[in-house]
>>> print(open('target.pdb').read())   # PDB, C-alpha atoms
ATOM      1  CA  MET A  43       0.000   0.000   0.000
ATOM      2  CA  SER A  44       1.438   3.403  -1.013
ATOM      3  CA  ARG A  45       1.862   6.223   1.460
ATOM      4  CA  VAL A  46      -1.130   8.532   1.907
ATOM      5  CA  SER A  47      -0.288  12.096   0.851
ATOM      6  CA  PRO A  48      -0.355  15.042   3.296
ATOM      7  CA  LYS A  49      -3.240  16.524   1.248
ATOM      8  CA  VAL A  50      -5.366  13.428   1.805
ATOM      9  CA  LEU A  51      -4.507  13.345   5.514
ATOM     10  CA  ALA A  52      -5.462  17.028   5.817
ATOM     11  CA  LEU A  53      -8.788  16.423   4.073
ATOM     12  CA  LEU A  54      -9.421  13.392   6.258
ATOM     13  CA  GLY A  55      -8.656  15.340   9.430
ATOM     14  CA  ALA A  56     -10.900  18.236   8.413
ATOM     15  CA  LEU A  57     -13.785  15.927   7.484
ATOM     16  CA  THR A  58     -13.526  13.931  10.704
ATOM     17  CA  LEU A  59     -13.530  17.118  12.769
ATOM     18  CA  VAL A  60     -16.454  18.732  10.898
ATOM     19  CA  TRP A  61     -18.680  15.638  10.745
ATOM     20  CA  GLY A  62     -17.764  14.404  14.215
ATOM     21  CA  THR A  63     -18.345  17.668  16.080
ATOM     22  CA  ASN A  64     -21.643  18.174  14.269
ATOM     23  CA  TRP A  65     -23.457  15.343  16.089
ATOM     24  CA  PRO A  66     -23.937  17.254  19.379
ATOM     25  CA  LEU A  67     -25.602  20.043  17.368
ATOM     26  CA  PHE A  68     -28.296  17.621  16.197
ATOM     27  CA  ARG A  69     -29.694  17.506  19.714
ATOM     28  CA  ILE A  70     -30.012  21.280  19.802
ATOM     29  CA  ALA A  71     -31.905  21.404  16.495
ATOM     30  CA  LEU A  72     -34.027  18.281  16.972
ATOM     31  CA  ASP A  73     -35.238  19.468  20.366
ATOM     32  CA  GLU A  74     -37.313  22.018  18.433
ATOM     33  CA  LEU A  75     -37.663  20.677  14.882
ATOM     34  CA  PRO A  76     -39.211  17.413  13.585
ATOM     35  CA  VAL A  77     -36.707  15.155  11.833
ATOM     36  CA  PHE A  78     -37.887  15.603   8.230
ATOM     37  CA  THR A  79     -38.303  19.366   8.634
ATOM     38  CA  PHE A  80     -34.773  19.513  10.016
ATOM     39  CA  ARG A  81     -33.444  17.496   7.082
ATOM     40  CA  THR A  82     -35.279  19.725   4.595
ATOM     41  CA  LEU A  83     -33.774  22.886   6.078
ATOM     42  CA  VAL A  84     -30.324  21.280   6.160
ATOM     43  CA  LEU A  85     -30.493  20.254   2.495
ATOM     44  CA  SER A  86     -31.827  23.692   1.505
ATOM     45  CA  SER A  87     -28.916  25.389   3.281
ATOM     46  CA  ALA A  88     -26.514  23.029   1.540
ATOM     47  CA  VAL A  89     -27.978  23.802  -1.902
ATOM     48  CA  ILE A  90     -27.644  27.541  -1.271
ATOM     49  CA  MET A  91     -24.043  27.170  -0.083
ATOM     50  CA  LEU A  92     -23.000  24.957  -3.002
ATOM     51  CA  THR A  93     -24.766  27.143  -5.583
ATOM     52  CA  THR A  94     -23.022  30.247  -4.233
ATOM     53  CA  ILE A  95     -19.585  28.634  -4.342
ATOM     54  CA  LEU A  96     -20.099  27.264  -7.850
ATOM     55  CA  LEU A  97     -21.227  30.678  -9.136
ATOM     56  CA  VAL A  98     -18.395  32.568  -7.433
ATOM     57  CA  ARG A  99     -15.810  30.109  -8.771
ATOM     58  CA  ARG A 100     -17.583  30.044 -12.154
ATOM     59  CA  GLU A 101     -17.599  26.278 -12.199
ATOM     60  CA  SER A 102     -19.841  24.376 -14.577
ATOM     61  CA  PHE A 103     -23.093  22.818 -13.408
ATOM     62  CA  ALA A 104     -23.079  20.477 -16.423
ATOM     63  CA  VAL A 105     -23.460  16.722 -15.993
ATOM     64  CA  PRO A 106     -21.458  14.594 -18.466
ATOM     65  CA  LYS A 107     -23.500  12.775 -21.090
ATOM     66  CA  GLY A 108     -24.740   9.397 -19.934
ATOM     67  CA  LYS A 109     -23.979  10.015 -16.237
ATOM     68  CA  TRP A 110     -27.484  10.895 -15.046
ATOM     69  CA  PRO A 111     -28.436   7.306 -14.092
ATOM     70  CA  ALA A 112     -25.286   6.932 -11.972
ATOM     71  CA  LEU A 113     -25.803  10.405 -10.496
ATOM     72  CA  ILE A 114     -29.396   9.645  -9.498
ATOM     73  CA  LEU A 115     -28.348   6.311  -7.979
ATOM     74  CA  ALA A 116     -25.479   7.939  -6.078
ATOM     75  CA  SER A 117     -27.831  10.656  -4.825
ATOM     76  CA  ALA A 118     -30.382   8.096  -3.651
ATOM     77  CA  MET A 119     -27.784   5.966  -1.855
ATOM     78  CA  ASN A 120     -25.440   8.606  -0.405
ATOM     79  CA  ILE A 121     -27.936  11.252   0.643
ATOM     80  CA  GLY A 122     -31.564  10.300  -0.028
ATOM     81  CA  ILE A 123     -31.884   6.886   1.598
ATOM     82  CA  TRP A 124     -29.223   7.841   4.149
ATOM     83  CA  ASN A 125     -31.334  10.769   5.374
ATOM     84  CA  ILE A 126     -34.608   8.841   5.273
ATOM     85  CA  ALA A 127     -33.240   5.659   6.875
ATOM     86  CA  THR A 128     -31.456   7.484   9.692
ATOM     87  CA  SER A 129     -34.565   9.604  10.249
ATOM     88  CA  LEU A 130     -36.732   6.486  10.540
ATOM     89  CA  ALA A 131     -34.142   4.809  12.777
ATOM     90  CA  VAL A 132     -34.317   7.613  15.349
ATOM     91  CA  LEU A 133     -38.084   7.088  15.575
ATOM     92  CA  TYR A 134     -37.395   3.696  17.208
ATOM     93  CA  ILE A 135     -34.003   4.067  18.917
ATOM     94  CA  PRO A 136     -32.000   7.048  20.245
ATOM     95  CA  SER A 137     -30.224   9.037  17.543
ATOM     96  CA  GLY A 138     -26.791   8.224  18.969
ATOM     97  CA  HIS A 139     -27.510   4.501  18.663
ATOM     98  CA  ALA A 140     -28.709   5.008  15.091
ATOM     99  CA  SER A 141     -25.517   6.861  14.151
ATOM    100  CA  VAL A 142     -23.357   3.984  15.391
ATOM    101  CA  LEU A 143     -25.316   1.545  13.213
ATOM    102  CA  ALA A 144     -25.005   3.856  10.208
ATOM    103  CA  TYR A 145     -21.225   3.914  10.628
ATOM    104  CA  THR A 146     -21.020   0.168   9.987
ATOM    105  CA  MET A 147     -20.544   1.404   6.404
ATOM    106  CA  PRO A 148     -16.837   0.352   6.219
ATOM    107  CA  LEU A 149     -17.818  -3.248   6.923
ATOM    108  CA  TRP A 150     -20.393  -3.186   4.124
ATOM    109  CA  VAL A 151     -17.805  -1.694   1.759
ATOM    110  CA  ALA A 152     -15.406  -4.546   2.523
ATOM    111  CA  VAL A 153     -18.110  -7.177   1.956
ATOM    112  CA  LEU A 154     -19.404  -5.589  -1.264
ATOM    113  CA  GLY A 155     -15.903  -5.054  -2.612
ATOM    114  CA  PHE A 156     -14.986  -8.692  -2.032
ATOM    115  CA  VAL A 157     -18.271 -10.369  -3.053
ATOM    116  CA  VAL A 158     -19.474  -8.123  -5.896
ATOM    117  CA  PHE A 159     -16.285  -6.663  -7.362
ATOM    118  CA  GLY A 160     -13.791  -9.375  -6.446
ATOM    119  CA  GLN A 161     -11.447  -6.933  -4.744
ATOM    120  CA  LYS A 162      -8.595  -8.476  -2.792
ATOM    121  CA  LEU A 163      -8.071  -7.540   0.832
ATOM    122  CA  THR A 164      -4.501  -7.433   2.162
ATOM    123  CA  GLY A 165      -3.739  -8.830   5.587
ATOM    124  CA  ARG A 166      -3.077  -5.324   6.864
ATOM    125  CA  LEU A 167      -6.431  -4.038   5.573
ATOM    126  CA  LEU A 168      -8.255  -7.094   6.924
ATOM    127  CA  ALA A 169      -6.740  -6.389  10.338
ATOM    128  CA  ALA A 170      -7.836  -2.753  10.072
ATOM    129  CA  ILE A 171     -11.398  -3.821   9.207
ATOM    130  CA  ALA A 172     -11.506  -6.356  12.059
ATOM    131  CA  ILE A 173     -10.274  -3.836  14.623
ATOM    132  CA  GLY A 174     -12.629  -1.204  13.208
ATOM    133  CA  ALA A 175     -15.487  -3.697  13.611
ATOM    134  CA  ALA A 176     -14.421  -4.159  17.227
ATOM    135  CA  ALA A 177     -14.662  -0.401  17.724
ATOM    136  CA  VAL A 178     -18.194  -0.336  16.310
ATOM    137  CA  ALA A 179     -19.161  -3.347  18.446
ATOM    138  CA  ALA A 180     -17.824  -1.614  21.567
ATOM    139  CA  LEU A 181     -20.107   1.324  20.827
ATOM    140  CA  MET A 182     -23.085  -0.945  20.113
ATOM    141  CA  ILE A 183     -22.852  -3.302  23.115
ATOM    142  CA  PRO A 184     -24.436  -0.922  25.664
ATOM    143  CA  ASN A 185     -27.413  -0.478  23.325
ATOM    144  CA  PHE A 186     -28.281  -4.116  22.555
ATOM    145  CA  LYS A 187     -31.381  -3.945  24.761
ATOM    146  CA  SER A 188     -32.649  -1.020  22.685
ATOM    147  CA  TYR A 189     -32.072  -2.940  19.455
ATOM    148  CA  ALA A 190     -33.870  -6.015  20.826
ATOM    149  CA  SER A 191     -36.926  -3.938  21.691
ATOM    150  CA  ALA A 192     -36.844  -1.905  18.484
ATOM    151  CA  PRO A 193     -35.860  -4.173  15.559
ATOM    152  CA  LEU A 194     -37.069  -1.599  13.045
ATOM    153  CA  GLY A 195     -34.526   0.852  14.433
ATOM    154  CA  LEU A 196     -31.814  -1.761  13.918
ATOM    155  CA  PHE A 197     -33.010  -2.394  10.354
ATOM    156  CA  TRP A 198     -33.121   1.259   9.312
ATOM    157  CA  GLY A 199     -29.757   2.058  10.920
ATOM    158  CA  LEU A 200     -28.003  -0.819   9.169
ATOM    159  CA  LEU A 201     -29.770   0.022   5.889
ATOM    160  CA  ALA A 202     -28.314   3.536   6.085
ATOM    161  CA  GLY A 203     -24.799   2.118   6.420
ATOM    162  CA  PHE A 204     -25.358  -0.376   3.595
ATOM    163  CA  CYS A 205     -26.718   2.254   1.175
ATOM    164  CA  TRP A 206     -23.862   4.621   1.987
ATOM    165  CA  ALA A 207     -21.477   1.794   1.058
ATOM    166  CA  VAL A 208     -23.291   1.248  -2.258
ATOM    167  CA  GLY A 209     -23.153   4.985  -2.957
ATOM    168  CA  THR A 210     -19.430   5.009  -2.205
ATOM    169  CA  PHE A 211     -18.821   2.388  -4.894
ATOM    170  CA  VAL A 212     -21.034   4.251  -7.388
ATOM    171  CA  VAL A 213     -18.966   7.420  -6.934
ATOM    172  CA  LYS A 214     -15.676   5.522  -6.934
ATOM    173  CA  ARG A 215     -16.347   3.441 -10.028
ATOM    174  CA  THR A 216     -17.876   6.179 -12.232
ATOM    175  CA  ASN A 217     -15.837   8.574 -14.359
ATOM    176  CA  TRP A 218     -17.218  12.013 -13.432
ATOM    177  CA  SER A 219     -15.195  13.822 -16.084
ATOM    178  CA  GLY A 220     -15.313  17.596 -15.582
ATOM    179  CA  MET A 221     -17.392  17.422 -12.387
ATOM    180  CA  GLY A 222     -15.951  18.860  -9.204
ATOM    181  CA  LEU A 223     -18.163  20.479  -6.598
ATOM    182  CA  SER A 224     -21.138  20.068  -8.927
ATOM    183  CA  LEU A 225     -21.112  16.326  -8.129
ATOM    184  CA  THR A 226     -22.122  17.173  -4.556
ATOM    185  CA  PHE A 227     -24.504  19.938  -5.668
ATOM    186  CA  TRP A 228     -26.576  17.667  -7.889
ATOM    187  CA  GLN A 229     -26.772  14.857  -5.341
ATOM    188  CA  VAL A 230     -28.068  17.251  -2.689
ATOM    189  CA  LEU A 231     -30.461  18.981  -5.091
ATOM    190  CA  ILE A 232     -31.915  15.693  -6.381
ATOM    191  CA  THR A 233     -32.535  14.581  -2.796
ATOM    192  CA  LEU A 234     -34.218  17.776  -1.592
ATOM    193  CA  PRO A 235     -37.713  17.367  -3.189
ATOM    194  CA  PRO A 236     -38.481  13.881  -1.764
ATOM    195  CA  ILE A 237     -37.197  14.891   1.678
ATOM    196  CA  ALA A 238     -39.306  18.071   1.562
ATOM    197  CA  LEU A 239     -42.322  15.972   0.569
ATOM    198  CA  GLY A 240     -41.640  13.728   3.541
ATOM    199  CA  ALA A 241     -41.610  16.797   5.783
ATOM    200  CA  LEU A 242     -45.068  17.803   4.537
ATOM    201  CA  VAL A 243     -46.470  14.280   4.910
ATOM    202  CA  PHE A 244     -44.956  13.292   8.261
ATOM    203  CA  ASP A 245     -44.330  16.642   9.988
ATOM    204  CA  GLY A 246     -46.948  18.914   8.435
ATOM    205  CA  LEU A 247     -46.533  22.663   8.049
ATOM    206  CA  PRO A 248     -44.445  24.357  10.772
ATOM    207  CA  THR A 249     -46.484  25.742  13.658
ATOM    208  CA  HIS A 250     -43.749  27.799  15.314
ATOM    209  CA  TRP A 251     -40.465  29.542  14.534
ATOM    210  CA  PRO A 252     -37.437  27.774  16.061
ATOM    211  CA  SER A 253     -35.090  29.577  18.428
ATOM    212  CA  THR A 254     -32.011  31.359  17.107
ATOM    213  CA  GLN A 255     -29.836  28.619  18.587
ATOM    214  CA  ALA A 256     -31.727  25.796  16.857
ATOM    215  CA  LEU A 257     -31.896  27.683  13.559
ATOM    216  CA  ALA A 258     -28.161  28.466  13.676
ATOM    217  CA  ALA A 259     -27.345  24.798  14.348
ATOM    218  CA  THR A 260     -29.543  23.776  11.407
ATOM    219  CA  ILE A 261     -28.081  26.282   8.950
ATOM    220  CA  TYR A 262     -24.530  25.417  10.020
ATOM    221  CA  THR A 263     -25.251  21.705   9.562
ATOM    222  CA  GLY A 264     -26.384  22.335   5.990
ATOM    223  CA  ALA A 265     -23.743  24.847   4.958
ATOM    224  CA  ILE A 266     -20.646  23.200   6.453
ATOM    225  CA  PRO A 267     -21.007  19.462   7.296
ATOM    226  CA  MET A 268     -23.587  18.684   4.587
ATOM    227  CA  ALA A 269     -22.269  20.892   1.761
ATOM    228  CA  LEU A 270     -18.526  21.185   2.323
ATOM    229  CA  GLY A 271     -18.160  17.976   4.346
ATOM    230  CA  THR A 272     -19.932  15.869   1.724
ATOM    231  CA  ALA A 273     -17.854  17.448  -1.047
ATOM    232  CA  THR A 274     -14.695  16.583   0.914
ATOM    233  CA  TRP A 275     -15.925  13.003   1.367
ATOM    234  CA  PHE A 276     -16.438  12.536  -2.380
ATOM    235  CA  THR A 277     -12.940  13.920  -2.976
ATOM    236  CA  LEU A 278     -11.502  11.347  -0.566
ATOM    237  CA  VAL A 279     -13.469   8.564  -2.289
ATOM    238  CA  LYS A 280     -11.858   9.532  -5.595
ATOM    239  CA  LEU A 281      -8.337   9.728  -4.108
ATOM    240  CA  LEU A 282      -8.339   6.605  -1.924
ATOM    241  CA  PRO A 283      -9.214   2.942  -2.440
ATOM    242  CA  ALA A 284     -12.858   2.392  -1.483
ATOM    243  CA  GLN A 285     -12.024   0.262   1.573
ATOM    244  CA  VAL A 286      -9.511   2.802   2.922
ATOM    245  CA  ALA A 287     -11.867   5.729   2.340
ATOM    246  CA  ALA A 288     -14.626   3.820   4.139
ATOM    247  CA  LEU A 289     -12.393   2.940   7.084
ATOM    248  CA  SER A 290     -11.502   6.608   7.488
ATOM    249  CA  SER A 291     -15.130   7.298   8.442
ATOM    250  CA  ILE A 292     -15.022   5.178  11.613
ATOM    251  CA  ALA A 293     -13.206   7.981  13.429
ATOM    252  CA  ILE A 294     -16.257  10.234  13.046
ATOM    253  CA  PRO A 295     -18.489   8.667  15.737
ATOM    254  CA  ILE A 296     -15.461   8.673  18.046
ATOM    255  CA  VAL A 297     -15.089  12.423  17.550
ATOM    256  CA  ALA A 298     -18.837  12.690  18.151
ATOM    257  CA  ILE A 299     -18.421  10.884  21.486
ATOM    258  CA  VAL A 300     -15.530  13.115  22.536
ATOM    259  CA  SER A 301     -17.517  16.190  21.475
ATOM    260  CA  GLY A 302     -20.420  15.001  23.598
ATOM    261  CA  ILE A 303     -18.088  14.567  26.562
ATOM    262  CA  LEU A 304     -16.626  18.053  26.150
ATOM    263  CA  LEU A 305     -19.739  19.983  25.088
ATOM    264  CA  LEU A 306     -22.587  18.067  26.724
ATOM    265  CA  LYS A 307     -20.694  16.688  29.764
ATOM    266  CA  GLU A 308     -21.548  13.115  28.795
ATOM    267  CA  PRO A 309     -19.625  10.364  30.675
ATOM    268  CA  LEU A 310     -16.853   8.294  29.071
ATOM    269  CA  SER A 311     -17.443   4.558  29.539
ATOM    270  CA  ALA A 312     -14.773   1.869  29.466
ATOM    271  CA  LEU A 313     -16.227   0.483  26.221
ATOM    272  CA  GLN A 314     -16.072   3.914  24.605
ATOM    273  CA  ALA A 315     -12.404   4.159  25.618
ATOM    274  CA  VAL A 316     -11.799   0.752  23.988
ATOM    275  CA  ALA A 317     -13.566   1.987  20.850
ATOM    276  CA  ILE A 318     -11.378   5.090  20.680
ATOM    277  CA  GLY A 319      -8.199   3.016  21.021
ATOM    278  CA  SER A 320      -9.380   0.481  18.439
ATOM    279  CA  THR A 321     -10.196   3.268  15.997
ATOM    280  CA  VAL A 322      -6.725   4.784  16.273
ATOM    281  CA  ILE A 323      -5.114   1.387  15.574
ATOM    282  CA  SER A 324      -7.490   0.655  12.674
ATOM    283  CA  LEU A 325      -6.821   3.998  10.995
ATOM    284  CA  TRP A 326      -3.064   3.566  11.442
ATOM    285  CA  LEU A 327      -3.188   0.151   9.743
ATOM    286  CA  ALA A 328      -5.343   1.473   6.892
ATOM    287  CA  LEU A 329      -3.539   4.741   6.215
ATOM    288  CA  VAL A 330       0.114   4.124   7.136
ATOM    289  CA  PRO A 331       1.948   1.752   4.789
ATOM    290  CA  GLY A 332       3.838  -1.206   6.208
ATOM    291  CA  ARG A 333       7.569  -1.653   5.762
ATOM    292  CA  GLN A 334       8.643  -2.845   2.342
ATOM    293  CA  ARG A 335      10.847  -5.937   2.370
TER
END
>>> encode(input="target.pdb", output="C-alpha cells")
Amino acid sequence: MSRVSPKVLALLGALTLVWGTNWPLFRIALDELPVFTFRTLVLSSAVIMLTTILLVRRESFAVPKGKWPALILASAMNIGIWNIATSLAVLYIPSGHASVLAYTMPLWVAVLGFVVFGQKLTGRLLAAIAIGAAAVAALMIPNFKSYASAPLGLFWGLLAGFCWAVGTFVVKRTNWSGMGLSLTFWQVLITLPPIALGALVFDGLPTHWPSTQALAATIYTGAIPMALGTATWFTLVKLLPAQVAALSSIAIPIVAIVSGILLLKEPLSALQAVAIGSTVISLWLALVPGRQR
C-alpha cells in the first residue's frame, strides 16, 4: 500500500472534525424541529451554499453525457436513503444509537468489494477492518437492549450504512469527467424534493419559529457538514481505495463521542475508551503503509 499524501490526511482530518463535532448540534436542532423538517432545512442550506460557491468560482453545473443514471443512484444511496433511513431509525431508537449503526458502512464496503467486485483484501487491511469492527461493536454493546426492543430501528440504521457503502462504490467506479463540486450539488439537489415531501407528509406545516440557537445549528449543519463535508468526502473517495476511504469514516463517531463529553458533559465509559483506542489502531493500519521488504 502506497503512502497517503499530506493533502489526503489534511482532508481526512478536516472531514472527521467537521462531521464528528456536528453530532452534538443535532440535539439542539431536533429538540425544536421534527426530523424531516430539520433534514429539509439542512439540504436547503446546503444547496444555497453549493450554488453560491459554484457561481463565485464560475464552475460548470453540467453533468457529463450518460452520467445521469449513476448520479441519481449515487444521490439516492449517499444522501436520499441515508437521510430517510437514519430519520426512521431515530423514531425507534435514540439518535446516537442510530448513528453507530449507520457507521457500519466500512464493513459493508469490505463485503461488497470482495463479493461483488472481487477486490482483494490485504492482511493489513483485513486487520484494520476487524479492529474497526471491534470499535463499532464496543459502541453498540451498551445499546443491545434497545435494538432487541426496536428491531425496526436496527433495520433502518443498518440500511443507512449499507446504502452509503453502495453509494461510495457508485462514486468511486464512475468517471465524473469535468465534475468537481457540482457532483455534490446535484446529489443534494436531487434529494431535496423527496425529503421536503416527507416533511409535509410526516411533519406537516411548521407551527412555530425555532429559536435562534436551533436555527443556527440547522443552517450550520447544511452549509458546512452537509455541503462542504460531503464534497470533501467525495474527494476522498476519488483519491483513496474504497475500503480505505470507508475505514476513514469510523473515526467520526469517536469524535462525536468526545464532542459530547466536552460539550454536553456526557460520561466516558470503558467500552467507549476501547472503541477510541481500536479506531486509532485501525486507521493507522489502513492509512500508514507497512515496511517494504
>>> residues_near_point(input="target.pdb", point="(-12.2, 8.6, -1.0)", cutoff="12 Å", atoms="only C-alpha atoms", output="VMD selection string")
chain A and resid 46 50 to 51 53 to 54 57 148 207 209 to 215 272 to 291 329
>>> resolve_selection(input="target.pdb", expression="the PyMOL selection byres ((chain A and resi 73) around 12)", output="PyMOL selection string")
chain A and resi 66-72+74-77+80+137+252-253+255-257+259-260
>>> closest_residue(input="target.pdb", among="A:Pro193, A:Pro236, A:Pro184, A:Gly271", to="Ala312 of chain A", atoms="only C-alpha atoms")
A:Pro184
>>> closest_residue(input="target.pdb", among="A:Leu83, A:Ala88, A:Ile126, A:Val132", to="Leu196 of chain A", atoms="all atoms listed in the file")
A:Val132
>>> residues_around(input="target.pdb", residues="Leu234 of chain A", least_positions_apart="2", cutoff="12 Å", atoms="all atoms listed in the file", output="ChimeraX atom specification")
/A:78-90,117-118,121-123,125-126,227-232,236-241,264
>>> atom_distance(input="target.pdb", atom1="atom CA of Ala104 of chain A", atom2="atom CA of Trp218 of chain A")
10.7 Å
>>> atom_distance(input="target.pdb", atom1="atom CA of Trp65 of chain A", atom2="atom CA of Ala298 of chain A")
5.7 Å
>>> closest_residue(input="target.pdb", among="A:Met147, A:Leu200, A:Ala315, A:Leu194", to="Ala175 of chain A", atoms="all atoms listed in the file")
A:Met147
>>> closest_residue(input="target.pdb", among="A:Ser320, A:Thr249, A:Thr93, A:Ser129", to="Ser224 of chain A", atoms="all atoms listed in the file")
A:Thr93
>>> resolve_selection(input="target.pdb", expression="the PyMOL selection byres ((chain A and resi 102) around 10)", output="list of chain:residue names")
A:Leu96, A:Leu97, A:Arg99, A:Arg100, A:Glu101, A:Phe103, A:Ala104, A:Val105, A:Gly220, A:Met221, A:Gly222, A:Leu223, A:Ser224
